[in-house]
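Q: What follows is a structure written as structure tokens; I'll ask about it next.
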Amino acid sequence: MDTGDPLASRLGPVERAISWRRLAEESFDLVVIGGGVVGAGVALDAATRGLRTALVEARDLASGTSSRSSKLFHGGLRYLEQLEFGLVKEALAERELMLTRLAPHLVKPVSFLYPLHHRLWERPYVAAGLTLYDSMGGARSMPRHQHLTRAGALRMVPALRRDALIGGIRYFDAQADDARHTMTVARTAAHYGAVVRTSTQVVGFTREADRVSGVRVRDCEDGSETDVAANVVINCTGVWTDELQRLSGERGRFRVRASKGVHIVVPRDRIVADSGLILRTASSVLFVIPWRNHWILGTTDTDWNLDLAHPAATRADIDYIFGHVNRVLATPLTHADIEGVYAGLRPLLAGEDAGTSKLSREHAVARVAPGMFAIAGGKYTTYRVMAADAVNAAAADLPARIAPSITDRVPLLGADGYHALVNQADRLASRYGLHPYRVRHLLDRYGSLIHQVLDLAAGRPELLAPLPSAPDYLAVEVVHAVSHEGALHLEDVLARRTRISIEYPHRGVDCAAAVAELMAPVLGWDADAITHEVKVYTARVDAERDSQTQPDDQAADAKRSAAPEARPLVDEFVAP
Ligand SMILES: Cc1cc2nc3c(=O)[nH]c(=O)nc-3n(C[C@H](O)[C@H](O)[C@H](O)COP(=O)(O)OP(=O)(O)OC[C@H]3O[C@@H](n4cnc5c(N)ncnc54)[C@H](O)[C@@H]3O)c2cc1C
């Protein structure tokens, strides 16, 4: 239901109090567990079909895998090589939809150079794949691939060693800030009437006769608990899927295993290039991805059986990535170039094959018990398709017939009017007294919600100043993150609403106090709360830095998990 209230999509402290009452008092068609992209997508799909929907997230929106990906909306060239044509086609159709209709403010084209090493066979082989890639899934808005001589490729990426290639092919994919995109999907669900609540963990299931009839949730800020009644519960918890299945007492229909992928962020000027790179490794590929004034390098692919909330990168992971990238660079990167490092866990459907790179990226939906469903696997790019599949499956346990999915026609918040505002950037800039470059940056983060952000600075011009030690962001963005985007802790703002934690070598520590001061009035923090938040965030950064000097996963995990939690009331489930 579109509530018609422009503030309905607001996820601030007032709405947080209201949503707790709604969870306790209302009865829902669907309760979605997990605020990653899949859960947010399911909530949006369900709400726009007219279902009474609630989404609960234990920590922060996108705090799991959905803020730690390679940030590509892509078909996956690698899957093409594995002859998974259906998967590639579906993903490319989603890429096109995001770029053109659903999220043109957030999803942008990105260019990659594929360096060629072998004469005769390699160019026609790669070009045949890219010809398919350019045309599958109705991908019309992207430029087609382009052949380059060695000299042409070196002009595009002067940073490459001359002997690192004999020629190249350039192709296009798309990228997005995954954490912002997931949060925007969740806010769009709220806009259409879904209750969306973070720091709200499912700690149990309720039953009527043989049927799951809802969940028990804990407010991880104040410890209070309540039951939420629902016709259907959908488990969208990614790498936590098995934990939730155990909690429900039901045997799962599939298992999910975690594979760790690490990325490194380095400054843009360390690699002189007008395009990203895709490099082949023994088992997979490694990307050098342009990211604002930075490059993101990654990723790795190794089994992970330790802390699911805080996967830790090791020195070995970092050396592996540098090893591959430095093989082709004229001036090698060193540890001193690192601005940020992040690790994420792929939720892979457990299969027979031991090598996780080869495990299927396809998703599975299952009816775990009457009234309870689970969905997992897949990839970020296809979250919308996964969401529709999950709600279609859930229809079996809903009392009335449900409308078909319409999310292919539901632009995310900020998409409507975005293109016109880009054309009016100069006018907007003079209206708010900002540089047009800054306005374009804001439009690519908020789209047509830019007014909602900047109007918070009316009468408070100091909020239009850049953040100290993180000048890519304005102070008003921090205020908006807490008043409208559901941020509750310093790490929510520094790691996900902004990406300061990976974009600045100080990883957010140098601006933590200033950011906490901006958050405090909205969240009602006193001086002690501010000090506590800064202390917890600083300890997190120290622990991450420490873990990144460790030789192996066990040692890195021990360092990382010793840091205090921003949300100490979250239960970490452990295998029985
Ligand atoms: C290194 C890496 C690179 C990747 N790159 C790409 C890419 O470039 N393109 C692409 O398409 N895909 C990519 N992927 C895959 C993609 O990121 C994931 O498939 C996707 O983000 C998974 O989303 P999810 O919602 O299933 O899981 P998550 O984002 O992990 O969400 C699950 C949520 O459930 C919450 N939760 C857990 N337990 C509870 C509970 N008891 N109560 C309430 N909430 C709970 C968690 O806090 C979490 O927020 C990549 C993955 C990795 C790891």
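In the structure tokens, chains take letters A, B, ... by order of appearance, with residues numbered from 1 within each chain and ligands from 1 in the order shown.
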I want to know what sits within 12 Å of Leu443 in chain A, based on only C-alpha atoms, with residues of the same chain fewer than 4 positions away left out; could you give that as number ranges by chain?

A: A: 103-107, 414-425, 428-429, 436-439, 447-454

Q: Find the distance between CA of Thr382 in chain A and CA of Asn293 in chain A and write it in Å to one decimal.

A: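 Taking CA of Thr382 in chain A and CA of Asn293 in chain A, their separation equals 27.5 Å.
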
Q: So which bits of range 164-248 of chain A end up alpha helix (DSSP H) when you DSSP the backbone, as a list in words?

A: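 Written out, the alpha helix (DSSP H) residues of range 164-248 of chain A are Asp178, Ala179, Arg180, His181, Thr182, Met183, Thr184, Val185, Ala186, Arg187, Thr188, Ala189, Ala190, His191, Thr241, Asp242, Glu243, Leu244, Gln245, Arg246, Leu247 and Ser248 of chain A.
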
Q: Rank nothing, just name the residue among A:Gly86, A:Gly249, A:Gly486, A:Pro267 nearest to Gly35 in chain A, using only C-alpha atoms.

A: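 Ranking A:Gly86, A:Gly249, A:Gly486, A:Pro267 by distance to Gly35 in chain A, first place goes to A:Gly486.
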
Q: If you run DSSP on this backbone, which residues of range 108-201 of chain A come out as strand (DSSP E), and could you give them as a ChimeraX atom specification?

A: /A:108-116,146-149,167-175,195-197,200-201

Q: So that I can see what lies close to Arg180 in chain A, please list as number ranges by chain the residues with an atom at most 8 Å from it, counting only C-alpha atoms and leaving out residues fewer than 3 positions away in the same chain.

A: A: 177, 183-184, 445, 496-497

Q: Include N, CA and C atoms and write out the residues we just selected as a compact mmCIF listing (two decimals), in the first residue's frame.

A:
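Result written to again-v1.txt:
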```txt
# COMPACT_ATOMS: atom_id res chain seq x y z
N ASP A 177 27.01 1.57 -5.46
CA ASP A 177 27.37 1.49 -4.05
C ASP A 177 26.37 0.53 -3.41
N MET A 183 20.01 -0.07 1.10
CA MET A 183 19.24 0.81 1.99
C MET A 183 18.11 1.49 1.21
N THR A 184 18.39 1.85 -0.04
CA THR A 184 17.36 2.52 -0.85
C THR A 184 16.22 1.55 -1.18
N ARG A 445 24.12 9.86 -5.31
CA ARG A 445 23.91 9.13 -4.06
C ARG A 445 22.43 9.15 -3.63
N ARG A 496 28.70 2.43 5.98
CA ARG A 496 27.68 2.11 4.98
C ARG A 496 26.96 3.32 4.39
N ARG A 497 26.44 4.27 5.21
CA ARG A 497 25.75 5.42 4.59
C ARG A 497 26.77 6.25 3.82
```

Q: Find the residues near Ala330 in chain A: any atom within 9 Å, counting only C-alpha atoms, skip ones fewer than 3 places away on the same chain, and give them as a list in words.

A: Pro158, Ala159, Leu160, Arg161, Arg162, Ala164, Asn326 and Arg327 of chain A

Q: Filtering to C-alpha atoms, could you give me those residues as a JSON list (two decimals), in the first residue's frame?

A:
```
[["chain", "number", "residue", "atom", "x", "y", "z"],
["A", 158, "PRO", "CA", 49.29, 3.53, -19.16],
["A", 159, "ALA", "CA", 49.94, 1.90, -15.78],
["A", 160, "LEU", "CA", 50.34, -1.52, -17.44],
["A", 161, "ARG", "CA", 53.78, -3.03, -18.07],
["A", 162, "ARG", "CA", 54.49, -3.11, -21.80],
["A", 164, "ALA", "CA", 51.96, -7.56, -19.73],
["A", 326, "ASN", "CA", 51.47, -6.18, -9.47],
["A", 327, "ARG", "CA", 52.20, -8.79, -12.11]]
```

Q: CA of Asp571 in chain A and CA of Glu15 in chain A, how far apart in Å?

A: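 Taking CA of Glu15 in chain A as the start and CA of Asp571 in chain A as the end point, the length is 24.2 Å.
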
Q: Tell me, as a ChimeraX atom specification, which residues lie within 12 Å of Thr131 in chain A, counting only C-alpha atoms; anything in the same chain fewer than 3 positions away does not count.

A: /A:77,80,123-128,134-136,139,143-147,169-172

Q: Find the residues near range 250-259 of chain A: any atom within 9 Å, counting only C-alpha atoms, skip ones fewer than 5 places away on the same chain, and give them as a PyMOL selection string.

A: chain A and resi 238-242+245+300-305+308+344-351+356-357+364-369+374+376-377
